[in-house]
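Trainee: What follows is the file entry-v1.pdb, containing PDB, C-alpha atoms:
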```pdb
MODEL        1
ATOM      1  CA  MET U 195      -9.060 -13.030  79.332
ATOM      2  CA  PRO U 196      -8.102  -9.387  79.410
ATOM      3  CA  ARG U 197      -6.258  -8.050  76.272
ATOM      4  CA  ASP U 198      -2.757  -6.840  76.766
ATOM      5  CA  THR U 199      -3.409  -3.434  75.369
ATOM      6  CA  ALA U 200       0.000  -2.073  76.293
ATOM      7  CA  GLY U 201       1.913  -4.892  74.471
ATOM      8  CA  THR U 202      -0.152  -4.415  71.375
ATOM      9  CA  GLN U 203       0.565  -0.745  71.417
ATOM     10  CA  ARG U 204       4.355  -1.390  71.817
ATOM     11  CA  ALA U 205       4.370  -3.813  68.831
ATOM     12  CA  ALA U 206       2.510  -1.363  66.690
ATOM     13  CA  ALA U 207       4.821   1.453  67.665
ATOM     14  CA  THR U 208       7.954  -0.470  66.507
ATOM     15  CA  PRO U 209       8.441   0.267  62.773
ATOM     16  CA  PRO U 210       9.741  -2.480  60.455
ATOM     17  CA  ILE U 211      13.422  -2.369  59.481
ATOM     18  CA  ALA U 212      13.670  -0.592  56.193
ATOM     19  CA  GLY U 213      15.679  -1.796  53.178
ATOM     20  CA  PRO U 214      18.846  -0.036  52.087
ATOM     21  CA  THR U 215      18.436   3.570  51.154
ATOM     22  CA  ASP U 216      20.978   6.239  50.419
ATOM     23  CA  GLY U 217      23.184   6.137  53.496
ATOM     24  CA  GLY U 218      20.892   3.623  55.263
ATOM     25  CA  ALA U 219      21.719   0.254  56.817
ATOM     26  CA  PRO U 220      21.117  -2.985  54.881
ATOM     27  CA  THR U 221      17.889  -4.940  55.442
ATOM     28  CA  ARG U 222      18.077  -7.496  58.191
ATOM     29  CA  GLY U 223      18.918 -10.931  56.829
ATOM     30  CA  THR U 224      20.710  -9.546  53.775
ATOM     31  CA  GLY U 225      24.457 -10.426  53.420
ATOM     32  CA  LEU U 226      26.967  -7.592  53.334
ATOM     33  CA  THR U 227      28.896  -6.919  50.105
ATOM     34  CA  LEU U 228      32.489  -6.122  51.023
ATOM     35  CA  SER U 229      33.853  -5.495  47.510
ATOM     36  CA  GLY U 230      33.579  -2.106  45.861
ATOM     37  CA  PRO U 231      31.573  -1.441  42.747
ATOM     38  CA  THR U 232      32.651  -3.507  39.733
ATOM     39  CA  ALA U 233      34.513  -1.408  37.138
ATOM     40  CA  ARG U 234      32.979  -1.305  33.671
ATOM     41  CA  THR U 235      35.114  -3.001  31.046
ATOM     42  CA  THR U 236      35.064  -2.078  27.390
ATOM     43  CA  PRO U 237      34.692  -5.126  25.219
ATOM     44  CA  SER U 238      37.695  -5.660  22.881
ATOM     45  CA  VAL U 239      37.028  -5.028  19.222
ATOM     46  CA  PRO U 240      39.003  -7.194  16.778
ATOM     47  CA  ARG U 241      41.319  -5.121  14.562
ATOM     48  CA  THR U 242      40.744  -5.381  10.876
ATOM     49  CA  PRO U 243      44.022  -5.772   8.903
ATOM     50  CA  SER U 244      44.732  -2.864   6.590
ATOM     51  CA  VAL U 245      44.291  -3.597   2.925
ATOM     52  CA  PRO U 246      46.496  -1.634   0.456
ATOM     53  CA  SER U 247      44.608   0.444  -2.001
ATOM     54  CA  PRO U 248      44.650  -0.636  -5.642
ATOM     55  CA  GLY U 249      47.771   0.498  -7.471
ATOM     56  CA  SER U 250      49.769   1.171  -4.314
ATOM     57  CA  THR U 251      53.198  -0.377  -3.763
ATOM     58  CA  PRO U 252      53.352  -2.556  -0.662
ATOM     59  CA  THR U 253      55.974  -1.570   1.849
ATOM     60  CA  PRO U 254      58.664  -4.252   2.145
ATOM     61  CA  THR U 255      58.816  -5.852   5.527
ATOM     62  CA  SER U 256      62.385  -7.117   5.229
ATOM     63  CA  THR U 257      65.110  -4.929   6.707
ATOM     64  CA  GLY U 258      67.943  -6.606   4.759
ATOM     65  CA  PRO U 259      69.491  -5.292   1.497
ATOM     66  CA  SER U 260      67.807  -5.850  -1.823
ATOM     67  CA  ALA U 261      68.953  -8.632  -4.119
ATOM     68  CA  ARG U 262      70.796  -6.117  -6.312
ATOM     69  CA  VAL U 263      72.659  -4.562  -3.378
ATOM     70  CA  ALA U 264      73.447  -7.994  -1.906
ATOM     71  CA  SER U 265      74.908  -9.066  -5.250
ATOM     72  CA  ARG U 266      77.127  -5.983  -5.420
ATOM     73  CA  LEU U 267      78.321  -6.472  -1.845
ATOM     74  CA  ALA U 268      79.157 -10.109  -2.558
ATOM     75  CA  ALA U 269      81.091  -9.117  -5.700
ATOM     76  CA  ARG U 270      82.993  -6.494  -3.726
ATOM     77  CA  ALA U 271      83.904  -9.049  -1.069
ATOM     78  CA  ARG U 272      85.285 -11.400  -3.758
ATOM     79  CA  ARG U 273      87.346  -8.672  -5.389
ATOM     80  CA  VAL U 274      91.084  -9.209  -5.162
ATOM     81  CA  ARG U 275      92.656  -5.960  -4.094
ATOM     82  CA  PRO U 276      96.067  -5.133  -5.614
ATOM     83  CA  PHE U 277      99.023  -4.129  -3.509
ATOM     84  CA  PRO U 278      98.973  -0.546  -2.155
ATOM     85  CA  ALA U 279     100.248   2.151  -4.516
ATOM     86  CA  ALA U 280     100.587   5.915  -4.378
ATOM     87  CA  ASP U 281      97.999   8.273  -5.822
ATOM     88  CA  PRO U 282      99.426  10.278  -8.765
ATOM     89  CA  ARG U 283      98.261  13.476  -7.061
ATOM     90  CA  ASP U 284     100.920  12.826  -4.420
ATOM     91  CA  VAL U 285     103.756  12.113  -6.877
ATOM     92  CA  GLN U 286     105.740  14.503  -9.050
ATOM     93  CA  VAL U 287     108.085  12.100 -10.812
ATOM     94  CA  LEU U 288     107.564   8.435 -11.640
ATOM     95  CA  ASP U 289     111.021   6.934 -11.022
ATOM     96  CA  ALA U 290     112.877   4.249  -9.100
ATOM     97  CA  GLY U 291     111.863   5.847  -5.795
ATOM     98  CA  THR U 292     108.144   5.794  -6.660
ATOM     99  CA  PRO U 293     107.798   3.424  -9.611
ATOM    100  CA  VAL U 294     104.028   2.798  -9.384
ATOM    101  CA  VAL U 295     100.942   4.980  -9.027
ATOM    102  CA  ARG U 296      97.299   3.945  -9.191
ATOM    103  CA  VAL U 297      94.275   6.044 -10.101
ATOM    104  CA  ASP U 298      90.961   5.374  -8.353
ATOM    105  CA  ARG U 299      88.103   3.855 -10.336
ATOM    106  CA  ARG U 300      86.112   7.067 -10.710
ATOM    107  CA  ARG U 301      88.955   9.167 -12.136
ATOM    108  CA  SER U 302      90.122   6.234 -14.263
ATOM    109  CA  ALA U 303      86.906   6.462 -16.294
ATOM    110  CA  VAL U 304      86.722  10.221 -16.949
ATOM    111  CA  GLY U 305      88.144  12.117 -19.893
ATOM    112  CA  SER U 306      91.436  11.080 -21.481
ATOM    113  CA  LEU U 307      94.873  10.100 -20.268
ATOM    114  CA  VAL U 308      97.362  12.328 -22.115
ATOM    115  CA  VAL U 309     100.981  11.222 -22.541
ATOM    116  CA  ALA U 310     103.198  13.986 -23.945
ATOM    117  CA  GLY U 311     106.776  13.391 -25.143
ATOM    118  CA  CYS U 312     105.853   9.855 -26.262
ATOM    119  CA  THR U 313     107.144   8.757 -29.693
ATOM    120  CA  SER U 314     105.471   5.318 -29.931
ATOM    121  CA  THR U 315     102.878   3.235 -28.161
ATOM    122  CA  VAL U 316     101.555  -0.321 -28.193
ATOM    123  CA  TRP U 317      98.290  -1.589 -26.707
ATOM    124  CA  GLU U 318      96.355  -4.749 -25.963
ATOM    125  CA  SER U 319      92.580  -4.831 -25.495
ATOM    126  CA  THR U 320      90.698  -7.186 -23.193
ATOM    127  CA  ASP U 321      89.890  -9.382 -26.202
ATOM    128  CA  HIS U 322      93.637  -9.533 -27.025
ATOM    129  CA  VAL U 323      93.709  -7.205 -30.016
ATOM    130  CA  VAL U 324      97.260  -5.777 -30.199
ATOM    131  CA  GLY U 325      98.347  -2.767 -32.207
ATOM    132  CA  ALA U 326     100.978  -0.048 -32.258
ATOM    133  CA  ALA U 327     101.399   3.480 -33.552
ATOM    134  CA  THR U 328     104.076   6.170 -33.737
ATOM    135  CA  VAL U 329     103.808   9.918 -33.380
ATOM    136  CA  ASP U 330     104.627  10.403 -37.089
ATOM    137  CA  GLY U 331     101.572   8.353 -38.167
ATOM    138  CA  ALA U 332     102.949   4.840 -38.727
ATOM    139  CA  THR U 333     100.751   1.976 -37.508
ATOM    140  CA  ALA U 334     101.033  -1.792 -37.127
ATOM    141  CA  GLY U 335      98.792  -4.571 -35.847
ATOM    142  CA  ARG U 336      95.158  -3.634 -35.312
ATOM    143  CA  ALA U 337      93.503  -0.520 -33.912
ATOM    144  CA  VAL U 338      90.763  -0.749 -31.277
ATOM    145  CA  GLN U 339      87.847   1.561 -32.007
ATOM    146  CA  THR U 340      85.497   2.729 -29.262
ATOM    147  CA  PRO U 341      81.708   3.133 -29.729
ATOM    148  CA  GLY U 342      82.449   6.856 -30.165
ATOM    149  CA  ASN U 343      84.418   5.993 -33.343
ATOM    150  CA  ARG U 344      87.745   7.048 -31.913
ATOM    151  CA  PRO U 345      90.831   4.954 -31.124
ATOM    152  CA  LEU U 346      91.015   3.448 -27.654
ATOM    153  CA  VAL U 347      94.743   4.323 -27.738
ATOM    154  CA  GLY U 348      96.370   6.508 -30.366
ATOM    155  CA  PHE U 349      98.036   9.792 -31.254
ATOM    156  CA  ASP U 350      96.360  13.124 -31.772
ATOM    157  CA  ASP U 351      98.202  16.395 -32.378
ATOM    158  CA  GLY U 352     101.540  14.999 -31.230
ATOM    159  CA  VAL U 353     100.387  13.418 -27.920
ATOM    160  CA  ALA U 354      99.247   9.891 -27.079
ATOM    161  CA  LEU U 355      95.691   9.590 -25.805
ATOM    162  CA  VAL U 356      93.786   6.872 -23.964
ATOM    163  CA  ALA U 357      89.981   7.165 -24.054
ATOM    164  CA  LEU U 358      89.257   6.538 -20.394
ATOM    165  CA  ARG U 359      85.497   6.312 -20.834
ATOM    166  CA  TYR U 360      86.149   2.878 -22.328
ATOM    167  CA  VAL U 361      89.097   2.007 -20.111
ATOM    168  CA  ARG U 362      87.598  -1.370 -19.192
ATOM    169  CA  SER U 363      88.150  -2.417 -22.817
ATOM    170  CA  LEU U 364      91.909  -1.906 -22.375
ATOM    171  CA  ARG U 365      94.134  -4.507 -20.775
ATOM    172  CA  ARG U 366      97.544  -2.817 -20.979
ATOM    173  CA  ALA U 367      99.719  -0.452 -22.999
ATOM    174  CA  LEU U 368     103.302   0.822 -23.275
ATOM    175  CA  PHE U 369     104.533   4.334 -24.022
ATOM    176  CA  ILE U 370     108.080   4.881 -25.286
ATOM    177  CA  ALA U 371     109.978   8.155 -25.517
ATOM    178  CA  ARG U 372     112.938   8.324 -27.935
ATOM    179  CA  GLY U 373     113.033  12.073 -28.436
ATOM    180  CA  ALA U 374     114.575  14.874 -26.436
ATOM    181  CA  GLU U 375     111.293  15.818 -24.798
ATOM    182  CA  ARG U 376     110.612  14.410 -21.344
ATOM    183  CA  MET U 377     107.557  12.195 -21.093
ATOM    184  CA  THR U 378     104.726  13.536 -18.908
ATOM    185  CA  VAL U 379     101.295  12.214 -17.976
ATOM    186  CA  ALA U 380      98.140  14.264 -17.420
ATOM    187  CA  LEU U 381      94.664  13.315 -16.209
ATOM    188  CA  HIS U 382      91.306  14.997 -16.718
ATOM    189  CA  ASP U 383      91.309  16.484 -13.193
ATOM    190  CA  GLY U 384      94.542  18.371 -13.829
ATOM    191  CA  THR U 385      96.874  15.855 -12.166
ATOM    192  CA  THR U 386     100.254  15.742 -13.918
ATOM    193  CA  LEU U 387     103.476  13.861 -13.283
ATOM    194  CA  ALA U 388     106.736  13.403 -15.139
ATOM    195  CA  VAL U 389     108.470  10.148 -16.055
ATOM    196  CA  ASP U 390     112.152   9.690 -15.267
ATOM    197  CA  PRO U 391     114.075   9.997 -18.553
ATOM    198  CA  GLY U 392     116.561   7.265 -17.659
ATOM    199  CA  THR U 393     120.292   7.305 -18.239
ATOM    200  CA  GLY U 394     122.613   7.147 -21.208
ATOM    201  CA  ASP U 395     122.242   3.371 -21.358
ATOM    202  CA  THR U 396     118.635   2.975 -20.264
ATOM    203  CA  THR U 397     115.310   4.511 -21.025
ATOM    204  CA  THR U 398     112.152   4.504 -18.910
ATOM    205  CA  ILE U 399     109.121   2.803 -20.422
ATOM    206  CA  LEU U 400     105.746   3.932 -19.115
ATOM    207  CA  ALA U 401     103.691   0.762 -18.634
ATOM    208  CA  LEU U 402      99.924   1.104 -18.193
ATOM    209  CA  SER U 403      97.706  -1.659 -16.808
ATOM    210  CA  VAL U 404      93.992  -1.695 -16.027
ATOM    211  CA  VAL U 405      93.283  -3.560 -12.788
ATOM    212  CA  ASP U 406      89.566  -3.947 -12.040
ATOM    213  CA  GLY U 407      88.763  -0.620 -13.672
ATOM    214  CA  GLU U 408      91.686   1.249 -12.081
ATOM    215  CA  LEU U 409      94.614   2.691 -14.010
ATOM    216  CA  GLU U 410      98.026   1.576 -12.836
ATOM    217  CA  LEU U 411     101.083   3.423 -14.199
ATOM    218  CA  ARG U 412     104.552   1.970 -13.761
ATOM    219  CA  ALA U 413     108.036   3.248 -14.638
ATOM    220  CA  GLU U 414     110.019   0.385 -16.227
ATOM    221  CA  PRO U 415     113.766   0.949 -16.828
ATOM    222  CA  PHE U 416     114.825  -0.743 -20.061
ATOM    223  CA  PRO U 417     118.072  -0.865 -22.045
ATOM    224  CA  ARG U 418     118.025   1.503 -24.990
ATOM    225  CA  ALA U 419     117.022  -0.545 -28.029
ATOM    226  CA  PRO U 420     117.347   0.507 -31.659
ATOM    227  CA  HIS U 421     113.874  -0.752 -32.573
ATOM    228  CA  ASP U 422     110.499  -0.664 -30.842
ATOM    229  CA  GLY U 423     109.855  -4.281 -31.766
ATOM    230  CA  GLU U 424     112.481  -5.373 -29.248
ATOM    231  CA  VAL U 425     110.626  -3.532 -26.508
ATOM    232  CA  PHE U 426     107.270  -4.989 -27.565
ATOM    233  CA  ALA U 427     108.656  -8.521 -27.541
ATOM    234  CA  ALA U 428     110.334  -8.074 -24.152
ATOM    235  CA  PHE U 429     106.988  -7.111 -22.609
ATOM    236  CA  GLY U 430     105.090  -9.923 -24.329
ATOM    237  CA  PHE U 431     103.235  -7.932 -27.012
ATOM    238  CA  THR U 432     102.605  -9.781 -30.288
ATOM    239  CA  LEU U 433     101.013  -7.610 -32.933
ATOM    240  CA  SER U 434      97.678  -8.838 -34.285
ATOM    241  CA  ALA U 435      97.294  -9.545 -37.963
ATOM    242  CA  PRO U 436      95.720  -6.558 -39.728
ATOM    243  CA  SER U 437      92.047  -6.810 -40.600
ATOM    244  CA  ILE U 438      91.248  -7.862 -44.150
ATOM    245  CA  GLY U 439      90.951  -4.766 -46.309
ATOM    246  CA  ALA U 440      92.652  -2.518 -43.756
TER     247      ALA U 440
ENDMDL
END
```
Represent the structure contained in this file as structure tokens.

Mentor:
Amino acid sequence: MPRDTAGTQRAAATPPIAGPTDGGAPTRGTGLTLSGPTARTTPSVPRTPSVPSPGSTPTPTSTGPSARVASRLAARARRVRPFPAADPRDVQVLDAGTPVVRVDRRRSAVGSLVVAGCTSTVWESTDHVVGAATVDGATAGRAVQTPGNRPLVGFDDGVALVALRYVRSLRRALFIARGAERMTVALHDGTTLAVDPGTGDTTTILALSVVDGELELRAEPFPRAPHDGEVFAAFGFTLSAPSIGA
């Protein structure tokens, strides 16, 4: 049988289909990949929690106030506020028109309260020690000494003084003027005000109270009495028995 030389030559001349090359077609019988190249992902690395160095103070995570601040805020919320009163810096005369002034807590604890023109005074401490003194040196009841070894209330060089640094030890006091001089009040910051002298039948008593660390000064009209004891009794002051050996 004669060989088909031409067919053999055609088969030999047809090259095999090549596999994929750069820019070439895929090999016959191989499925096409329609998706693009897969992006490389970086494996996640677990984060190690930071450990404070020895001796360092850890930063608080709470955003609320500290226990100390919370306690102060709670105490402030429970505080009973007194009725509104004028500031002595805005008053020239303490009289029936403006009978009450109140000093803020900061100024109430600085320096001394000076009452000029006063002839006698009586005081009561927070532990109910009551005493009295006059400008000429007479005393009755019991004195209240501060840690600085000075009277909480007393006379010095003709004026009555209140040691405001220890004002929270004082509950109340009265200042009486029987002389010709008009009673005036002065604070450490230079604030001064006068007290109404009264009339022929009345006198004006300067009443001091300490309300939650604040000084309150009040003008109290009172009938002229021949003896200070009548004034003390009318305002509820009972002199303490003198200390043994005093």

Trainee: Which residues match the PyMOL selection byres ((chain U and resi 322) around 12) in the file above, as a PDB file with C-alpha atoms, in the coordinates of the input?

Mentor:
```pdb
ATOM      1  CA  TRP U 317      98.290  -1.589 -26.707  1.00  0.00           C
ATOM      2  CA  GLU U 318      96.355  -4.749 -25.963  1.00  0.00           C
ATOM      3  CA  SER U 319      92.580  -4.831 -25.495  1.00  0.00           C
ATOM      4  CA  THR U 320      90.698  -7.186 -23.193  1.00  0.00           C
ATOM      5  CA  ASP U 321      89.890  -9.382 -26.202  1.00  0.00           C
ATOM      6  CA  VAL U 323      93.709  -7.205 -30.016  1.00  0.00           C
ATOM      7  CA  VAL U 324      97.260  -5.777 -30.199  1.00  0.00           C
ATOM      8  CA  GLY U 325      98.347  -2.767 -32.207  1.00  0.00           C
ATOM      9  CA  GLY U 335      98.792  -4.571 -35.847  1.00  0.00           C
ATOM     10  CA  ARG U 336      95.158  -3.634 -35.312  1.00  0.00           C
ATOM     11  CA  ALA U 337      93.503  -0.520 -33.912  1.00  0.00           C
ATOM     12  CA  VAL U 338      90.763  -0.749 -31.277  1.00  0.00           C
ATOM     13  CA  SER U 363      88.150  -2.417 -22.817  1.00  0.00           C
ATOM     14  CA  LEU U 364      91.909  -1.906 -22.375  1.00  0.00           C
ATOM     15  CA  ARG U 365      94.134  -4.507 -20.775  1.00  0.00           C
ATOM     16  CA  ARG U 366      97.544  -2.817 -20.979  1.00  0.00           C
ATOM     17  CA  ALA U 367      99.719  -0.452 -22.999  1.00  0.00           C
ATOM     18  CA  GLY U 430     105.090  -9.923 -24.329  1.00  0.00           C
ATOM     19  CA  PHE U 431     103.235  -7.932 -27.012  1.00  0.00           C
ATOM     20  CA  THR U 432     102.605  -9.781 -30.288  1.00  0.00           C
ATOM     21  CA  LEU U 433     101.013  -7.610 -32.933  1.00  0.00           C
ATOM     22  CA  SER U 434      97.678  -8.838 -34.285  1.00  0.00           C
ATOM     23  CA  ALA U 435      97.294  -9.545 -37.963  1.00  0.00           C
TER      24      ALA U 435
END
```

Trainee: Quick check, in Å to one decimal: how far apart do CA of Ala310 (chain U) and CA of Thr386 (chain U) lie?

Mentor: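 Those two atoms sit 10.6 Å apart.
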
Trainee: So, counting only C-alpha atoms, which residue among U:Val361, U:Cys312, U:Val353, U:Ala334 is closest to Ala374 (chain U)?

Mentor: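 Checking each candidate against Ala374 (chain U), we get U:Cys312 as the closest.
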
Trainee: Enter the distance from CA of Pro341 (chain U) to CA of Leu411 (chain U), in Å, rounded to one decimal.

Mentor: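 Going from CA of Pro341 (chain U) over to CA of Leu411 (chain U), I get 24.8 Å.
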
Trainee: Using all atoms listed in the file and a cutoff of 10 Å, can you tell me which residues are near (98.3, 11.0, -10.0) in the file's coordinates, and write them out as a PyMOL selection string?

Mentor: chain U and resi 280-288+295-298+301+379-381+383-387+409-411

Trainee: Have a look at CA of Val304 (chain U) and CA of Thr397 (chain U) and let me know their distance in Å, one decimal.

Mentor: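 Separation between CA of Val304 (chain U) and CA of Thr397 (chain U): 29.4 Å.
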
Trainee: Could you check which of U:Gly394, U:Val294, U:Ala264, U:Val309 is closest to Pro278 (chain U), using only C-alpha atoms?

Mentor: U:Val294

Trainee: So, with only C-alpha atoms as the atoms that count, which of U:Met377, U:Pro436, U:Glu414, U:Ala419 lies closest to Asp395 (chain U)?

Mentor: U:Ala419

Trainee: Quick one: of U:Ile370, U:Leu267, U:Ala303, U:Ala357, who's nearest to Pro345 (chain U), counting only C-alpha atoms?

Mentor: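 Nearest to Pro345 (chain U): U:Ala357.
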
Trainee: Of the residues U:Ala268, U:Ala326, U:Val356, U:Val308, which is the one nearest to Val404 (chain U), using all atoms listed in the file?

Mentor: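 Checking each candidate against Val404 (chain U), we get U:Val356 as the closest.
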
Trainee: Quick one: residues within 8 Å of Gly348 (chain U), only C-alpha atoms, excluding same-chain residues fewer than 6 positions away - as a list in words?

Mentor: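 These residues fall inside the cut-off: Thr315, Ala327, Ala354, Leu355 and Val356 of chain U.
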
Trainee: Could you check the closest approach to Arg300 (chain U) for each of U:Leu402, U:Arg359, U:Ala428, U:Leu368 and tell me which residue wins, using all atoms listed in the file?

Mentor: U:Arg359
